[in-house]
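Q: Below are the structure tokens for one structure; questions will follow.
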Amino acid sequence: MSNDIAFLAEYADGQPSRGALELAAGAAALAKASGGAAVALAYGSGAKAGAPQLGAAGATRAVVLGDGEAPAITFAAAAAAAVKDFEPLVVLAPAAPNGRDLAAALVGLLDVPAFGPVRSVTVEGGKLRSEQATLQGTVITVSEPTDDAPQPAVVLVLANTFTPLEGGGGTAEVSDAPPADAGAFGMARTVESHPAEAAVANLEEASVIVAGGRGVGSEEGFGPLHELADALGGAVGASRAAADAGWVPYQLQIGQTGKIVKPALYMGIGISGAIQHRVGMQTAEHVVAINKDPDAPIGEFADLFVVGDLFAIVPKLTEEIKRRKGT
Amino acid sequence: MKIVVTVKQVPATTAEKRYTSDLRLDRASAESIINPLDEYAIEQALRLQESGAVETVAYLSMGPESAAEALRRALAMGGDEAYLVTDDALAGADEWATARVLAAALDKLAPDVALMGMASDDARGSLVPGAVAAIRGLPLLSYGSELTLADGTARIRRLTAAGFDIVEAPLPVVASVTDQVGEPRYASLKGIMAAKRKPLETWSLADVGVDGAALHGAALTRVVEARPPEAKPPTERIENVGPDEAATKIADWLAARKLI
Ligand SMILES: Cc1cc2nc3c(=O)[nH]c(=O)nc-3n(C[C@H](O)[C@H](O)[C@H](O)COP(=O)(O)OP(=O)(O)OC[C@H]3O[C@@H](n4cnc5c(N)ncnc54)[C@H](O)[C@@H]3O)c2cc1C
Ligand SMILES: Nc1ncnc2c1ncn2[C@@H]1O[C@H](COP(=O)(O)O)[C@@H](O)[C@H]1O
């Protein structure tokens with residue numbers, strides 16, 4: 001058993017995901033507290049060539065689970081073999097579909113405990129403590145492994161929980177995962193890939209999100225929201241109602257079954273604030289809502305609630321922001 | 001072809017939730033429903049049955065005896081039979097223990113597809129499907145916005161960063177689906193009557209061949225503290241003003257917080 005802190009690092013097209021860089025910073029901080037090393041479990045296309053650079057992001061070592069494009073779950077057996085090999089104290093996984101799949105596979109393959117998605121995680125005296133919002137954010141719970149729980153603790157981490165390190169130097173020492181039969185997980189194959197026609201923003205990376213809902217009314221209705229988002233240097237998001245209507249792609253949906261976001265500023269425009277939407281944005285630092293219904297539920301938890309017609313207010317607001325920015 | 005849909009009973013989404021003195025969710029205090037995301041899995045299974053791709057749709061739940069209600073409600077939507085694993089040794093089960101028990105029950109039922117919701121409302125770990133697949137040594141097809149079955153393979157449509165993929169694996173598989181599969185049907189009066197006569201079997205841990213002692217008290221995790229979230233500062237309101245004034249006030253508010 002070691003005091004190392006491992007983290008999943010996914011690569012696509014030769015680049016580490018934003019989540020990998022955030023978790024590298026988180027693992028480095030936890031490793032300081034545990035007295036171990038921050039170790040990347042790198043996989044995906046470009047992982048092998050890119051892994052040394054994870055040193056700059058905070059990793060001391062990187063274990064390559066496999067390179068190439070394949071469903072993330074196909075790397076599960078390699079992840080389990082690597083974890084068995086150096087027995088870290090904790091494995092951090094992004095609380096997004098691929099990260100959750102691999103985390104789940106580790107829980108089932110190794111019979112280890114799982115935590116999260118956490119809002120904070122610490123290691124004290126060799127013991128993990130994780131803090132999470134449960135039951136639609138109505139309760140904050142603090143959990144730890146039971147005394148007889150085997151190592152590691154697998155911890156799901158939401159986007160924007162840790163901030164990537166900047167300007168770090170250093171190279172991670174790279175090794176390959178011990179050979180492992182990919183087993184049944186290796187039988188999942190991507191047989192078709194349909195990229196979107198237009199670029200789709202990654203909401204988890206946006207520090208400002210202008211989200212539109214059913215009140216926006218149509219695809220064209222989202223035009224002014226895009227302009228406002230541009231003026232603020234942010235991205236457009238949506239409620240499920242707006243995504244279901246086909247006004248924006250599903251990748252922009254925020255909420256229980258969409259993205260869980262944590263921007264500095266979230267603006268909910270023509271969104272009522274249903275609980276399933278709220279769980280996806282309630283940890284935003286600042287919440288502004290524009291709604292014509294003075295009793296909309298979003299008015300109960302927004303920091304600033306503006307009662308009025310979005311079609312009248314949004315273009316004026318964009319103008320005003322541009323004027324103040326001098327653009 | 002047989003699908004077993006796993007169905008969890010959870011406190012109603014809007015219900016007040018409380019923790020018991022030993023920091024477990026007080027499941028007796030709240031109105032209970034089928035985990036809303038499991039209804040989409042049920043809908044997907046019933047559509048496959050209606051299309052003729054599947055003969056039998058069964059439901060499986062692990063929970064207190066009262067979880068039989070959730071299974072009856074599932075049977076009222078459609079499907080053929082249901083199984084409930086209930087045992088005093090399972091109180092406070094975490095996702096690992098849940099996966100162990102469901103995996104054992106699924107081994108016994110041996111479906112072509114074990115179909116799950118993408119997450120449970122009260123835990124939201126989305127870990128049970130992957131952990132069950134790992135324990136049973138089966139492929140995982142997760143987060144499908146559609147599931148299709150043909151020629152001994154299962155296929156899902158799955159969102160990617162910008163588009164979608166089609167991912168497939170040979171049967172048998174463990175799969176999970178999202179709320180994009182289509183709105184779940186309501187139970188009809190006829191369905192509710194019919195559900196009363198459909199078989200619902202109750203199993204103990206021993207019935208599914210799990211040794212309670214090997215379950216570490218049904219959890220590898222424990223809650224050591226439960227508290228309400230920090231109170232938010234009160235909402236500021238801008239109302240009864242024209243759009244120009246509203247825009248200026250919003251901009252002032254943003255500027256005061258260095259957001260512009
Ligand atoms: C299992 C499950 C999962 C779900 N997951 C999600 C999820 O991930 N994300 C999500 O968002 N939802 C999710 N939902 C759906 C959720 O319950 C709500 O139905 C949805 O969020 C409503 O979207 P909305 O706020 O855009 O629409 P509505 O609730 O219809 O609200 C529209 C709002 O626009 C306002 N409005 C209308 N016109 C104007 C105008 N001219 N100016 C200003 N305001 C105006 C109205 O007053 C109203 O408040 C889920 C539901 C279920 C059952
Ligand atoms: N106690 C349970 N009984 C039956 N199914 C369950 C149970 N817990 C979880 N599941 C299934 O696993 C899915 C994912 O749950 P979770 O991993 O808890 O988010 C749910 O949508 C259910 O289909």
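Naming works like this for the structure tokens: A, B, ... for the chains as they're shown, residue 1 at the start of each chain, ligands 1 onward in shown order.
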Which residues, written as a list of chain:residue names, have at least one atom at most 6 Å from Ile156 (chain B), with only C-alpha atoms counted and residues fewer than 5 positions away on the same chain left out?
A: B:Gly144, B:Glu146, B:Leu147, B:Ile166, B:Val167
Q: Pull N, CA and C atoms from the residues just selected and write them as a CSV table (one decimal), in the first residue's frame.
A:
chain,number,residue,atom,x,y,z
B,144,GLY,N,-26.9,5.4,-22.8
B,144,GLY,CA,-27.4,5.4,-24.1
B,144,GLY,C,-28.6,6.3,-24.2
B,146,GLU,N,-30.4,5.8,-26.7
B,146,GLU,CA,-31.3,4.8,-27.4
B,146,GLU,C,-30.6,3.4,-27.3
B,147,LEU,N,-31.4,2.4,-27.1
B,147,LEU,CA,-30.8,1.0,-27.1
B,147,LEU,C,-31.5,0.2,-28.1
B,166,ILE,N,-22.1,5.5,-32.1
B,166,ILE,CA,-22.9,4.3,-31.9
B,166,ILE,C,-21.9,3.3,-31.3
B,167,VAL,N,-22.2,2.7,-30.1
B,167,VAL,CA,-21.3,1.8,-29.5
B,167,VAL,C,-22.0,0.4,-29.4
Q: Write out as a ChimeraX atom specification the residues lying within 12 Å of Ala53 (chain B), counting only C-alpha atoms and excluding same-chain residues fewer than 5 positions away.
A: /B:1-3,44-48,112-113,147-154
Q: Could you give me, as a Markdown table, every chain B residue with an atom at most 10 Å from ligand 1, plus its closest atom pair and distance in Å to one decimal, counting only C-alpha atoms and all ligand atoms, rows ordered by chain then number?
A:
| residue | atom | partner | partner_atom_place_in_ligand_line | distance |
| --- | --- | --- | --- | --- |
| B:Thr13 | CA | ligand 1 | 53 (C) | 9.1 |
| B:Asn35 | CA | ligand 1 | 1 (C) | 8.1 |
| B:Pro36 | CA | ligand 1 | 1 (C) | 4.9 |
| B:Leu37 | CA | ligand 1 | 1 (C) | 4.8 |
| B:Asp38 | CA | ligand 1 | 1 (C) | 8.4 |
| B:Glu39 | CA | ligand 1 | 1 (C) | 8.3 |
| B:Tyr40 | CA | ligand 1 | 1 (C) | 8.0 |
| B:Gly117 | CA | ligand 1 | 1 (C) | 9.6 |
| B:Met118 | CA | ligand 1 | 1 (C) | 9.6 |
| B:Ala119 | CA | ligand 1 | 1 (C) | 9.3 |
| B:Ser120 | CA | ligand 1 | 1 (C) | 9.5 |
| B:Asp121 | CA | ligand 1 | 1 (C) | 8.2 |
| B:Thr178 | CA | ligand 1 | 1 (C) | 8.5 |
| B:Asp179 | CA | ligand 1 | 1 (C) | 6.2 |
| B:Gln180 | CA | ligand 1 | 3 (C) | 9.4 |
| B:Glu183 | CA | ligand 1 | 53 (C) | 8.8 |
| B:Pro184 | CA | ligand 1 | 53 (C) | 9.4 |
Q: With only C-alpha atoms as the atoms that count, which of B:Leu71, B:Ala226, B:Met77, B:Ala194 lies nearest to chain A?
A: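 Closest to chain A of all the choices is B:Ala226.
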Q: Specify as a ChimeraX atom specification all residues of chain B found within 7 Å of chain A, counting only C-alpha atoms.
A: /B:96,122-123,125-128,130-132,134-135,137-140,161-169,220-229,234-239,243-244,246-248,251,260
Q: Compare B:Asp252, B:Glu65, B:Glu230, B:Asp80 by their minimum atom-to-atom distance to Trp203 (chain B), counting only C-alpha atoms, and give me the closest one.
A: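 Distance minimum relative to Trp203 (chain B) lands on B:Glu65.
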Q: Name the residues in contact with Thr161 (chain A) at a cut-off of 8 Å, using only C-alpha atoms, excluding same-chain residues fewer than 2 positions from it; report them as a tab-separated table (two decimals) with C-alpha atoms, in the first residue's frame.
A:
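So the final result, stored in out09.tsv, reads:
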chain	number	residue	atom	x	y	z
A	22	GLU	CA	-7.76	19.93	-12.88
A	119	ARG	CA	-17.45	19.39	-3.34
A	120	SER	CA	-14.24	19.01	-1.37
A	157	VAL	CA	-14.77	15.05	-8.67
A	158	LEU	CA	-16.94	17.70	-10.36
A	159	ALA	CA	-15.49	19.98	-13.00
A	163	THR	CA	-7.80	24.81	-10.76
Q: DSSP on the backbone, then: every residue of region 1-229 of chain B marked alpha helix (DSSP H), written as JSON, numbers by chain.
A: {"B": [36, 37, 38, 39, 40, 41, 42, 43, 44, 45, 46, 47, 48, 49, 50, 68, 69, 70, 71, 72, 73, 74, 75, 76, 77, 95, 96, 97, 98, 99, 100, 101, 102, 103, 104, 105, 106, 107, 108, 109, 128, 129, 130, 131, 132, 133, 134, 135, 136, 189, 190, 191, 192, 193, 194, 195]}
Q: Val210 (chain A): which residues within 8 Å, counting only C-alpha atoms, same-chain residues fewer than 3 positions away excluded, as a ChimeraX atom specification?
A: /A:225-226,228-229,234-237,266-269
Q: Mind giving me the straight-line distance from CA of Ile33 (chain B) to CA of Tyr83 (chain B) in Å, one decimal?
A: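 Here the two named atoms are 16.9 Å from each other.
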Q: Could you give me the residues within region 88-231 of chain A that DSSP places in strand (DSSP E or B), as a PyMOL selection string?
A: chain A and resi 90-94+114-118+120-124+127-134+139-145+153-157+173-176+189-194+208-212
Q: Have a look at CA of Pro94 (chain A) and CA of Ala20 (chain A) and let me know their distance in Å, one decimal.
A: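 Separation between CA of Pro94 (chain A) and CA of Ala20 (chain A): 7.9 Å.
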